>>> print(open('protein.pdb').read())   # PDB, C-alpha atoms
ATOM      1  CA  MET P   1      94.172  91.556  66.166
ATOM      2  CA  LYS P   2      92.959  94.509  68.209
ATOM      3  CA  THR P   3      90.615  92.253  70.188
ATOM      4  CA  PHE P   4      93.365  89.717  70.784
ATOM      5  CA  PHE P   5      95.708  92.524  71.836
ATOM      6  CA  LEU P   6      93.204  93.666  74.456
ATOM      7  CA  VAL P   7      92.652  90.136  75.681
ATOM      8  CA  THR P   8      96.354  89.395  76.061
ATOM      9  CA  LEU P   9      97.056  92.758  77.656
ATOM     10  CA  CYS P  10      94.162  92.235  79.986
ATOM     11  CA  ALA P  11      95.416  88.766  80.817
ATOM     12  CA  ALA P  12      98.756  90.289  81.708
ATOM     13  CA  LEU P  13      97.394  93.214  83.663
ATOM     14  CA  PHE P  14      94.878  91.162  85.599
ATOM     15  CA  SER P  15      96.948  88.043  86.001
ATOM     16  CA  PHE P  16      97.779  89.417  89.407
ATOM     17  CA  GLY P  17      94.453  88.122  90.618
ATOM     18  CA  ALA P  18      95.614  85.998  93.520
ATOM     19  CA  PRO P  19      93.225  86.118  96.472
ATOM     20  CA  ALA P  20      94.712  88.025  99.388
ATOM     21  CA  SER P  21      94.512  84.923 101.565
ATOM     22  CA  ALA P  22      96.531  82.772  99.150
ATOM     23  CA  ALA P  23     100.237  82.272  99.692
ATOM     24  CA  VAL P  24     102.060  83.696  96.689
ATOM     25  CA  ASP P  25     105.845  83.528  96.584
ATOM     26  CA  GLN P  26     106.894  87.106  95.881
ATOM     27  CA  SER P  27     110.620  86.416  96.291
ATOM     28  CA  ASP P  28     110.956  85.023  92.754
ATOM     29  CA  PRO P  29     109.536  87.161  89.909
ATOM     30  CA  GLN P  30     108.753  84.286  87.555
ATOM     31  CA  VAL P  31     107.173  82.167  90.286
ATOM     32  CA  LEU P  32     105.040  85.159  91.219
ATOM     33  CA  ILE P  33     103.882  85.537  87.609
ATOM     34  CA  LYS P  34     103.179  81.830  87.226
ATOM     35  CA  THR P  35     101.265  81.455  90.476
ATOM     36  CA  ALA P  36      99.155  84.566  90.131
ATOM     37  CA  THR P  37      98.385  83.873  86.475
ATOM     38  CA  GLN P  38      97.301  80.324  87.228
ATOM     39  CA  GLN P  39      95.016  81.483  89.998
ATOM     40  CA  ILE P  40      93.144  83.957  87.812
ATOM     41  CA  LEU P  41      92.757  81.260  85.141
ATOM     42  CA  ASP P  42      91.472  78.862  87.789
ATOM     43  CA  GLU P  43      88.876  81.459  88.723
ATOM     44  CA  VAL P  44      87.777  81.698  85.089
ATOM     45  CA  ARG P  45      87.505  77.910  84.905
ATOM     46  CA  ALA P  46      85.439  77.790  88.089
ATOM     47  CA  LYS P  47      83.053  80.480  86.875
ATOM     48  CA  ALA P  48      83.252  82.269  83.566
ATOM     49  CA  ILE P  49      83.573  86.045  83.793
ATOM     50  CA  GLU P  50      80.961  87.752  81.687
ATOM     51  CA  PRO P  51      82.168  90.849  79.796
ATOM     52  CA  ASP P  52      79.317  92.910  81.251
ATOM     53  CA  ASP P  53      79.876  91.741  84.833
ATOM     54  CA  ILE P  54      81.755  94.939  85.650
ATOM     55  CA  PRO P  55      81.117  94.747  89.436
ATOM     56  CA  ARG P  56      82.848  91.357  89.625
ATOM     57  CA  ILE P  57      85.709  92.509  87.428
ATOM     58  CA  MET P  58      86.173  95.692  89.439
ATOM     59  CA  ASP P  59      86.065  93.685  92.661
ATOM     60  CA  ILE P  60      88.841  91.419  91.406
ATOM     61  CA  VAL P  61      90.931  94.428  90.449
ATOM     62  CA  ASP P  62      90.328  96.405  93.624
ATOM     63  CA  ARG P  63      90.947  93.412  95.854
ATOM     64  CA  ASP P  64      93.759  91.625  94.104
ATOM     65  CA  ILE P  65      95.866  93.749  91.777
ATOM     66  CA  LEU P  66      97.178  96.256  94.306
ATOM     67  CA  PRO P  67      99.350  93.887  96.397
ATOM     68  CA  TYR P  68     101.556  93.052  93.404
ATOM     69  CA  THR P  69     101.562  96.270  91.386
ATOM     70  CA  ASP P  70     103.223  99.643  91.950
ATOM     71  CA  PHE P  71     100.925 102.145  90.251
ATOM     72  CA  HIS P  72     102.908 105.006  91.797
ATOM     73  CA  ARG P  73     106.051 103.896  89.979
ATOM     74  CA  THR P  74     104.140 103.261  86.759
ATOM     75  CA  THR P  75     102.607 106.734  86.833
ATOM     76  CA  SER P  76     105.833 108.538  87.686
ATOM     77  CA  LEU P  77     107.668 106.856  84.812
ATOM     78  CA  ALA P  78     104.819 107.570  82.401
ATOM     79  CA  MET P  79     105.000 111.222  83.438
ATOM     80  CA  GLY P  80     108.759 111.348  82.853
ATOM     81  CA  ARG P  81     110.393 114.683  83.698
ATOM     82  CA  TYR P  82     107.011 116.271  84.378
ATOM     83  CA  TRP P  83     106.559 114.138  87.504
ATOM     84  CA  ARG P  84     109.008 116.331  89.418
ATOM     85  CA  THR P  85     107.051 119.457  88.511
ATOM     86  CA  ALA P  86     103.803 118.118  89.986
ATOM     87  CA  THR P  87     102.903 118.863  93.593
ATOM     88  CA  PRO P  88     102.362 115.948  96.011
ATOM     89  CA  ALA P  89      98.604 116.512  95.744
ATOM     90  CA  GLN P  90      98.783 116.457  91.948
ATOM     91  CA  GLN P  91     100.916 113.322  92.027
ATOM     92  CA  GLN P  92      98.341 111.559  94.189
ATOM     93  CA  GLN P  93      95.534 112.546  91.821
ATOM     94  CA  LEU P  94      97.552 111.406  88.817
ATOM     95  CA  VAL P  95      98.195 107.982  90.342
ATOM     96  CA  GLU P  96      94.522 107.476  91.166
ATOM     97  CA  GLN P  97      93.233 108.701  87.816
ATOM     98  CA  PHE P  98      95.787 106.722  85.801
ATOM     99  CA  LYS P  99      95.012 103.591  87.799
ATOM    100  CA  MET P 100      91.306 104.010  87.113
ATOM    101  CA  LEU P 101      91.986 104.657  83.428
ATOM    102  CA  LEU P 102      93.841 101.349  83.103
ATOM    103  CA  ILE P 103      91.111  99.533  85.013
ATOM    104  CA  HIS P 104      88.294 101.029  82.940
ATOM    105  CA  THR P 105      90.119 100.597  79.651
ATOM    106  CA  TYR P 106      90.918  96.913  80.055
ATOM    107  CA  SER P 107      88.346  95.595  82.534
ATOM    108  CA  GLY P 108      85.904  94.632  79.783
ATOM    109  CA  ALA P 109      88.490  92.499  78.021
ATOM    110  CA  ILE P 110      88.916  90.222  81.031
ATOM    111  CA  GLY P 111      85.479  88.850  80.267
ATOM    112  CA  GLN P 112      86.915  87.399  77.067
ATOM    113  CA  LEU P 113      89.365  85.150  78.913
ATOM    114  CA  ARG P 114      88.506  81.471  78.478
ATOM    115  CA  PRO P 115      89.465  78.327  80.407
ATOM    116  CA  ASP P 116      91.568  77.043  77.482
ATOM    117  CA  GLN P 117      93.975  79.984  77.700
ATOM    118  CA  GLN P 118      97.527  78.606  77.542
ATOM    119  CA  ILE P 119     100.623  80.433  78.748
ATOM    120  CA  GLU P 120     104.253  79.409  78.289
ATOM    121  CA  TYR P 121     107.138  80.614  80.467
ATOM    122  CA  PRO P 122     110.568  80.747  78.792
ATOM    123  CA  PRO P 123     113.488  80.150  81.202
ATOM    124  CA  ILE P 124     114.789  83.151  83.108
ATOM    125  CA  HIS P 125     117.926  83.676  85.190
ATOM    126  CA  VAL P 126     117.704  86.136  88.058
ATOM    127  CA  ALA P 127     120.951  86.895  89.859
ATOM    128  CA  PRO P 128     120.853  87.691  93.583
ATOM    129  CA  SER P 129     122.059  91.209  92.776
ATOM    130  CA  ASP P 130     119.309  91.910  90.213
ATOM    131  CA  THR P 131     116.824  94.565  91.261
ATOM    132  CA  ASP P 132     114.945  95.016  87.974
ATOM    133  CA  VAL P 133     113.978  92.144  85.678
ATOM    134  CA  VAL P 134     111.795  91.299  82.705
ATOM    135  CA  VAL P 135     109.788  88.070  82.878
ATOM    136  CA  ARG P 136     108.740  86.807  79.445
ATOM    137  CA  THR P 137     105.590  84.824  78.840
ATOM    138  CA  ILE P 138     103.890  83.641  75.677
ATOM    139  CA  ALA P 139     100.107  83.538  75.685
ATOM    140  CA  MET P 140      98.577  81.006  73.333
ATOM    141  CA  ARG P 141      94.990  81.137  72.112
ATOM    142  CA  ASN P 142      93.678  79.157  69.159
ATOM    143  CA  GLY P 143      97.273  78.448  68.219
ATOM    144  CA  GLU P 144      98.172  82.135  67.937
ATOM    145  CA  PRO P 145     101.103  83.253  70.143
ATOM    146  CA  ALA P 146     101.479  86.672  71.735
ATOM    147  CA  GLU P 147     104.521  87.570  73.802
ATOM    148  CA  ILE P 148     103.822  89.366  77.069
ATOM    149  CA  ASP P 149     106.747  90.807  79.008
ATOM    150  CA  TYR P 150     106.395  91.808  82.644
ATOM    151  CA  ARG P 151     108.838  94.326  84.118
ATOM    152  CA  LEU P 152     109.230  94.041  87.869
ATOM    153  CA  TYR P 153     111.509  95.554  90.469
ATOM    154  CA  SER P 154     112.612  94.276  93.841
ATOM    155  CA  THR P 155     111.258  95.752  97.080
ATOM    156  CA  PRO P 156     111.680  94.721 100.720
ATOM    157  CA  GLN P 157     108.208  93.150 100.461
ATOM    158  CA  GLY P 158     109.003  91.213  97.278
ATOM    159  CA  TRP P 159     108.836  91.788  93.521
ATOM    160  CA  ARG P 160     106.370  94.338  92.142
ATOM    161  CA  LEU P 161     105.019  94.781  88.624
ATOM    162  CA  TYR P 162     105.262  98.254  87.099
ATOM    163  CA  ASP P 163     105.317  97.868  83.307
ATOM    164  CA  LEU P 164     104.037  95.550  80.581
ATOM    165  CA  ASN P 165     105.077  94.840  77.017
ATOM    166  CA  VAL P 166     102.412  93.240  74.840
ATOM    167  CA  LEU P 167     103.111  92.567  71.162
ATOM    168  CA  GLY P 168     106.094  94.926  71.303
ATOM    169  CA  VAL P 169     104.253  97.793  72.990
ATOM    170  CA  TRP P 170     105.389  98.924  76.442
ATOM    171  CA  LEU P 171     102.622 100.416  78.548
ATOM    172  CA  ILE P 172     104.688 103.245  80.073
ATOM    173  CA  GLN P 173     106.238 104.229  76.753
ATOM    174  CA  THR P 174     102.801 104.367  75.134
ATOM    175  CA  TYR P 175     101.365 106.757  77.703
ATOM    176  CA  ARG P 176     104.504 108.880  78.156
ATOM    177  CA  GLN P 177     104.072 110.657  74.819
ATOM    178  CA  GLN P 178     100.341 111.135  75.377
ATOM    179  CA  PHE P 179     100.924 112.603  78.818
ATOM    180  CA  SER P 180     103.699 114.874  77.530
ATOM    181  CA  ASP P 181     101.497 116.238  74.749
ATOM    182  CA  LYS P 182      98.628 116.939  77.133
ATOM    183  CA  ILE P 183     100.867 118.642  79.705
ATOM    184  CA  GLN P 184     102.423 120.864  77.055
ATOM    185  CA  GLN P 185      98.928 121.902  75.988
ATOM    186  CA  SER P 186      97.288 122.492  79.359
ATOM    187  CA  GLY P 187      99.709 121.716  82.190
ATOM    188  CA  VAL P 188      99.561 119.015  84.868
ATOM    189  CA  ASP P 189      96.097 120.120  85.986
ATOM    190  CA  GLY P 190      94.948 119.790  82.380
ATOM    191  CA  LEU P 191      96.173 116.186  82.295
ATOM    192  CA  ILE P 192      94.391 115.423  85.559
ATOM    193  CA  GLN P 193      91.182 116.909  84.184
ATOM    194  CA  PHE P 194      91.553 114.945  80.955
ATOM    195  CA  LEU P 195      92.059 111.661  82.827
ATOM    196  CA  SER P 196      89.144 112.386  85.139
ATOM    197  CA  GLU P 197      86.787 113.179  82.263
ATOM    198  CA  ARG P 198      87.921 110.107  80.346
ATOM    199  CA  ASN P 199      87.286 107.912  83.382
ATOM    200  CA  GLN P 200      83.794 109.352  83.731
ATOM    201  CA  GLN P 201      83.101 108.555  80.079
ATOM    202  CA  LEU P 202      84.357 104.986  80.432
ATOM    203  CA  ALA P 203      82.383 104.474  83.650
ATOM    204  CA  ALA P 204      79.278 105.583  81.758
ATOM    205  CA  GLY P 205      79.962 103.051  79.023
ATOM    206  CA  LYS P 206      81.186 105.565  76.469
ATOM    207  CA  GLN P 207      84.253 104.547  74.457
TER     208      GLN P 207
END
>>> encode(input="protein.pdb", output="structure tokens")
Amino acid sequence: MKTFFLVTLCAALFSFGAPASAAVDQSDPQVLIKTATQQILDEVRAKAIEPDDIPRIMDIVDRDILPYTDFHRTTSLAMGRYWRTATPAQQQQLVEQFKMLLIHTYSGAIGQLRPDQQIEYPPIHVAPSDTDVVVRTIAMRNGEPAEIDYRLYSTPQGWRLYDLNVLGVWLIQTYRQQFSDKIQQSGVDGLIQFLSERNQQLAAGKQ
């Protein structure tokens, strides 16, 4: 189950793999999810992604995930009330380190995606006045379903992803307690140092 959890979370996180040159409708949150997800699966079908092909995985992330994801919002919400106590410089470091942590933590799992990955999209109603929505999807693999919820908010440039719920676990909620504990122990700088050291370990292949 842990492996499947990582695969489905990775599929969600990296489903925003649409090439920058492709036209992706960002005015409708579910259409955005569908289109971007299909494009990353098409890439897997065209050429399988090996789990140890980190350069290719990192290239996909660096090139494609940023246009559709608001890491700044994700980080600030994960920090909770401590975000306001951080200086602008600390906030910038936190965003970068947290982004790298997510990339390092789940990049290996993308190599486990297979061409037969099936994803269902339950109906969703988005009112013109809605500014924050949850798009539900159900990932199917070997007949085993796993619900993946995407939380997006509306911006002048279109909808942006900022939180994920996989198998009942919200990403921001998971990290909020961890961040709070670390800040209470060693302050905001201590959290930054912890994230930086963890990223160095993951980059070196240490789990």
>>> closest_residue(input="protein.pdb", among="P:Ser180, P:Gln157, P:Ser186, P:Asn165", to="Asp25 (chain P)", atoms="only C-alpha atoms")
P:Gln157
>>> closest_residue(input="protein.pdb", among="P:Tyr150, P:Tyr162, P:Phe194, P:Trp170", to="Gln93 (chain P)", atoms="all atoms listed in the file")
P:Phe194
>>> atom_distance(input="protein.pdb", atom1="CA of Asp59 (chain P)", atom2="CA of Trp83 (chain P)")
29.4 Å
>>> resolve_selection(input="protein.pdb", expression="the PyMOL selection byres ((chain P and resi 70) around 7)", output="PyMOL selection string")
chain P and resi 68-69+71-74+160-162
>>> closest_residue(input="protein.pdb", among="P:Leu41, P:Leu101, P:Ala78, P:Ala46", to="Ser196 (chain P)", atoms="all atoms listed in the file")
P:Leu101
>>> resolve_selection(input="protein.pdb", expression="the PyMOL selection byres ((chain P and resi 133) around 8)", output="ChimeraX atom specification")
/P:29,126,130-132,134-135,151-153
>>> residues_around(input="protein.pdb", residues="Ile148 (chain P)", least_positions_apart="3", cutoff="6 Å", atoms="all atoms listed in the file", output="JSON list (two decimals) with C-alpha atoms, in the frame of the given file")
[["chain", "number", "residue", "atom", "x", "y", "z"],
["P", 137, "THR", "CA", 105.59, 84.82, 78.84],
["P", 138, "ILE", "CA", 103.89, 83.64, 75.68],
["P", 165, "ASN", "CA", 105.08, 94.84, 77.02],
["P", 166, "VAL", "CA", 102.41, 93.24, 74.84]]
>>> closest_residue(input="protein.pdb", among="P:Met79, P:Ile119, P:Ala86, P:Met100", to="Lys34 (chain P)", atoms="all atoms listed in the file")
P:Ile119
>>> closest_residue(input="protein.pdb", among="P:Gln178, P:Gln184, P:Thr155, P:Gln118", to="Gln38 (chain P)", atoms="only C-alpha atoms")
P:Gln118
>>> residues_around(input="protein.pdb", residues="Tyr175 (chain P)", least_positions_apart="2", cutoff="12 Å", atoms="all atoms listed in the file", output="ChimeraX atom specification")
/P:74-80,98,101-102,163-164,169-173,177-182,191,195
>>> write_last_selection(input="protein.pdb", atoms="C-alpha atoms", output="tab-separated table (two decimals), keeping the file's coordinate frame")
chain	number	residue	atom	x	y	z
P	74	THR	CA	104.14	103.26	86.76
P	75	THR	CA	102.61	106.73	86.83
P	76	SER	CA	105.83	108.54	87.69
P	77	LEU	CA	107.67	106.86	84.81
P	78	ALA	CA	104.82	107.57	82.40
P	79	MET	CA	105.00	111.22	83.44
P	80	GLY	CA	108.76	111.35	82.85
P	98	PHE	CA	95.79	106.72	85.80
P	101	LEU	CA	91.99	104.66	83.43
P	102	LEU	CA	93.84	101.35	83.10
P	163	ASP	CA	105.32	97.87	83.31
P	164	LEU	CA	104.04	95.55	80.58
P	169	VAL	CA	104.25	97.79	72.99
P	170	TRP	CA	105.39	98.92	76.44
P	171	LEU	CA	102.62	100.42	78.55
P	172	ILE	CA	104.69	103.24	80.07
P	173	GLN	CA	106.24	104.23	76.75
P	177	GLN	CA	104.07	110.66	74.82
P	178	GLN	CA	100.34	111.14	75.38
P	179	PHE	CA	100.92	112.60	78.82
P	180	SER	CA	103.70	114.87	77.53
P	181	ASP	CA	101.50	116.24	74.75
P	182	LYS	CA	98.63	116.94	77.13
P	191	LEU	CA	96.17	116.19	82.30
P	195	LEU	CA	92.06	111.66	82.83
>>> atom_distance(input="protein.pdb", atom1="CA of Gln39 (chain P)", atom2="CA of Met140 (chain P)")
17.0 Å
>>> closest_residue(input="protein.pdb", among="P:Asp42, P:Thr174, P:Gln117, P:Ser129", to="Ala146 (chain P)", atoms="only C-alpha atoms")
P:Gln117
>>> atom_distance(input="protein.pdb", atom1="CA of Val44 (chain P)", atom2="CA of Leu202 (chain P)")
24.0 Å
